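Here's the structure, in structure tokens; my notes come after.
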Amino acid sequence: MMLRALLVLPALLLAPPAVADKPLAPASVPGTQLVSAERVVELIGALPDIVIIDSRRREEFEKGHIEGAVSLLDTELTRAGLARLAPAPDRPLLFYCNGEHCLRSSNSAVQALAWGYRRVYWFRGGWQEWTDKHLPVAR
Amino acid sequence: MIPVERLSLRAATVGIVLVSGLLAAALLGFAVYTFKSAAFDAQQKSLTRMVEVATLEVIHHLDKGVFSFGTGLQERPEFRAALERKLAAGEDTVLLAALGDPFVNGFVGAGQLDLVKLRVFDPALAPLGENASAVALPPGLPPALHRLAAGRTGADRLKAVGALWLSPRGPLYSVLLPIGGLRVLGYLEVVVDPVFNFGAVAQMTRMPTSIFAMDGRLLLQSAGAANASGETLSVAYLLRAADGQPAFRLVCLDDVTQLRDDVRRTSVMLLVGIGLLGGLAAMAALVFLNRFLFVPLRGMQTDMERCAGGDLSATVNRRMVREFRAVADAFNRMAAQLAGRIEELRRLSCIDGLTALSNRHHFDIVLALEWSRARRSGKPLSLIMVDVDHFKLYNDHYGHMAGDDCLRAVGRVLACAVRRPTDVVARYGGEEFVILLPDTSPEGARLVAEIILNDLARLRLPHAASPTAAHMTVSTGIVTCPVSDDFRVEMLVAAADQALYQAKHEGRNRIVVAEMDLNGHG
């Protein structure tokens, strides 16, 4: 018993404390294409009609976002609201939020798939990955 | 080279123990020295690593600071507008004014950055303009940064890059940021002097730190670096620029008083402990060897020498280690055998082969002994001389073999006639016997002689050729010595002989007692 306690203690000390509490976004969302920050830049260049949706809260969006993105919180996402941004279901959509500990963009992407959008990209790393890579920020 | 026969086992052992001790001491000294230098080496190595980590952390912070400063600058609308006008109309003044904005230059990173230069490049990395600072830098990007930026394509082009580089002014740190968001309009290079930030190394490592340029100039010195007290270990770390050239030399001083004391204490404890243990072990070994080897060996040597000196009854003490015990046992066996052989030889040398009585030689020895004893004690000493009558005739008649048997028979009769252990019966020669009777009066001696004659008469050994009797007879002469100083032992035998002669002359088979006067003359 004592031995086990001794073995468990360093494991607890070594583990990053915050990770355990926060929920983790799914590794992938079926039906969407998982992309990295570099791929996002390439998509913006390659697909002029791509709609980038920032699923974070409004104030986070205003502090900085990917150039050309629109703010649309996952809880405020409606079929009509999305249809205003992307009238046709074959319009490419890209969702991102804070990062891998944020479930907003994956929820939005699942919702978009359910509404029939076929070309959905999901930037799982989100804002965290974007700023970590020192990529340009729009305000 | 010492001759081996002059070397004692004790000296050799003590020498070996001493030499081993000296070797062990030398080894211990070497080990302590190695331990000391290893401790300081390890300390220096770990401190160097610490300085390296602190330095890289400072660079990382610097990079982040410069990046956020550059991002803040390029987001200013007037800066964007000036760059766009420059790119569209080639208008320099607006851009230079934007770069030279005293507000921008005056509030660099809230005092965390030592700004040296701001430079603007077009998307192909060709220089467009720079602010009017007093510092002149070589035109164009530092080569290391240029290589890094030019090698980037696609999304990577949008990422800022930074590097430490060497300018004629000294080492500088540059961060190159893309301007214009996702479509790159140009690049902004922010050049800072990193020396100011390296002061943090001293705070992070908690060691007084001096930072030198590669030409030896002292650039920065933290408090205590110049006048460090106590024993210090200096840790030098060479910081290299992006192209591999050394840029800065950081020298940190670590107070190793504690470490030195620890090392000294450990060394002393090691020395004393091992020395004490080794000394005790060596002493125990010597005591053990002395108790179980040297002392018994010396005892064995003494015992053997006593044996060799002739005392064969002396035995070697066998309470020793097994090998020496075997030697002692073998020696004891040898000594015992030798003693037995000598005893046997001595016995044989005293005995007459035919009759098993004492021989003439033994008789002479005993006579001399008893003579002197009689003179000391003053007691009378009697001598009976016995001669077989007509022995030559017996031999001629019966043959020599029968003669020998006859002598043996007479000898047995003589041996039976004496009763006391001190009486000695000896064959004096041919058919002549002699009986020595210490502490015996002439009457006692006569008694013995009569017993002999009677026994022989009773035995009736046939002697057909004897003119005296039909059986074997003897003549006896008795002498008893008087107590006198001028009487000599030869005279005793001569007197007995004389008496015997008289007995023969008077007809044999009789006893004649020599008449001795007080003057010792027969």
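In the structure tokens, each chain is lettered A, B, ... as it comes, each chain's residues begin at 1, and ligands are numbered from 1 in order of appearance.
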### Task
Please determine the contact residues of chain B with respect to chain A at a cut-off of 8 Å, counting only C-alpha atoms, and supply them as a list in words.
Gly154, Ala155, Asp156, Leu158, Lys159, Ala160, Pro178, Gly180, Gly181 and Leu182 of chain B
Prev. selection, N, CA and C atoms, output as a short mmCIF file (atom, residue, chain, number, x, y, z; two decimals), in the first residue's frame:
```cif
data_model
loop_
_atom_site.label_atom_id
_atom_site.label_comp_id
_atom_site.auth_asym_id
_atom_site.auth_seq_id
_atom_site.Cartn_x
_atom_site.Cartn_y
_atom_site.Cartn_z
N GLY B 154 5.12 29.29 -48.90
CA GLY B 154 3.76 28.99 -48.47
C GLY B 154 3.43 29.65 -47.15
N ALA B 155 2.74 28.89 -46.30
CA ALA B 155 2.28 29.44 -45.03
C ALA B 155 3.45 29.84 -44.15
N ASP B 156 4.60 29.15 -44.29
CA ASP B 156 5.75 29.45 -43.46
C ASP B 156 6.25 30.88 -43.69
N LEU B 158 4.59 33.43 -43.67
CA LEU B 158 3.84 34.35 -42.81
C LEU B 158 4.36 34.34 -41.37
N LYS B 159 5.29 33.45 -41.07
CA LYS B 159 5.78 33.33 -39.69
C LYS B 159 7.01 34.20 -39.50
N ALA B 160 7.05 34.81 -38.34
CA ALA B 160 8.21 35.65 -38.02
C ALA B 160 9.41 34.77 -37.72
N PRO B 178 6.54 39.36 -41.13
CA PRO B 178 5.84 39.69 -42.37
C PRO B 178 4.80 40.78 -42.11
N GLY B 180 1.27 42.78 -43.50
CA GLY B 180 0.17 42.71 -44.46
C GLY B 180 -0.72 41.52 -44.32
N GLY B 181 -0.65 40.84 -43.23
CA GLY B 181 -1.59 39.74 -43.02
C GLY B 181 -1.26 38.57 -43.93
N LEU B 182 -2.36 37.98 -44.49
CA LEU B 182 -2.16 36.75 -45.25
C LEU B 182 -1.48 36.98 -46.59
#
```
#### Entry: In range 12-118 of chain A, DSSP strand (DSSP E or B) residues written as an NGL selection string
:A and (33-35 or 51-54 or 65 or 70-71 or 93-96)
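In this model, the gap between CA of Val418 in chain B and CA of Asn395 in chain B comes to 27.2 Å.
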### Message
If you run DSSP on the backbone here, which positions in range 67-130 of chain B get alpha helix (DSSP H)? Please write them as a ChimeraX atom specification.
### Response
/B:67-74,77-89,92-99,102-106
Neighbouring residues of Leu367 in chain B were defined as those with any atom within 9 Å, considering only C-alpha atoms; residues of the same chain fewer than 4 positions away were excluded. Please report them as a short mmCIF file (atom, residue, chain, number, x, y, z; two decimals) with C-alpha atoms, in the first residue's frame.
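What follows is the written file out_35.cif:
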```
data_model
loop_
_atom_site.label_atom_id
_atom_site.label_comp_id
_atom_site.auth_asym_id
_atom_site.auth_seq_id
_atom_site.Cartn_x
_atom_site.Cartn_y
_atom_site.Cartn_z
CA HIS B 362 79.97 -51.94 30.17
CA PHE B 363 81.51 -53.52 33.23
CA TRP B 371 83.90 -47.25 42.66
CA SER B 372 83.49 -43.53 42.96
CA LEU B 436 80.14 -56.43 40.90
CA VAL B 489 90.17 -49.35 41.09
#
```
### Message
Report as JSON, numbers by chain all protein, DNA and RNA residues lying within 9 Å of range 47-62 of chain A, evaluated on only C-alpha atoms, omitting residues in the same chain fewer than 5 positions from it.
### Response
{"A": [42, 67, 68, 69, 70, 71, 72, 73, 74, 75, 77, 85, 86, 91, 92, 93, 94, 95, 96, 97, 98, 102, 104, 105, 108, 138, 139]}
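The two atoms in question, CA of Tyr187 in chain B and CA of Arg124 in chain A, are spaced 28.9 Å apart.
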Non-local contacts of Arg460 in chain B (9 Å; only C-alpha atoms; under 4 positions in same chain excluded) as a short mmCIF file (atom, residue, chain, number, x, y, z; two decimals) with N, CA and C atoms, in the first residue's frame:
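Below is the file selection.cif, written as the result:
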```
data_model
loop_
_atom_site.label_atom_id
_atom_site.label_comp_id
_atom_site.auth_asym_id
_atom_site.auth_seq_id
_atom_site.Cartn_x
_atom_site.Cartn_y
_atom_site.Cartn_z
N ASP B 455 74.66 -73.89 42.95
CA ASP B 455 73.75 -74.00 41.79
C ASP B 455 74.37 -74.82 40.70
N LEU B 456 75.66 -74.55 40.47
CA LEU B 456 76.36 -75.29 39.40
C LEU B 456 76.44 -76.77 39.77
N ALA B 470 83.09 -84.45 37.88
CA ALA B 470 82.41 -85.01 36.71
C ALA B 470 81.53 -83.98 36.03
N HIS B 471 81.34 -82.88 36.70
CA HIS B 471 80.48 -81.82 36.10
C HIS B 471 81.26 -80.51 36.06
N MET B 472 80.62 -79.62 35.46
CA MET B 472 81.24 -78.30 35.26
C MET B 472 81.37 -77.59 36.61
N THR B 473 82.55 -77.01 36.84
CA THR B 473 82.78 -76.27 38.08
C THR B 473 83.41 -74.93 37.72
#
```
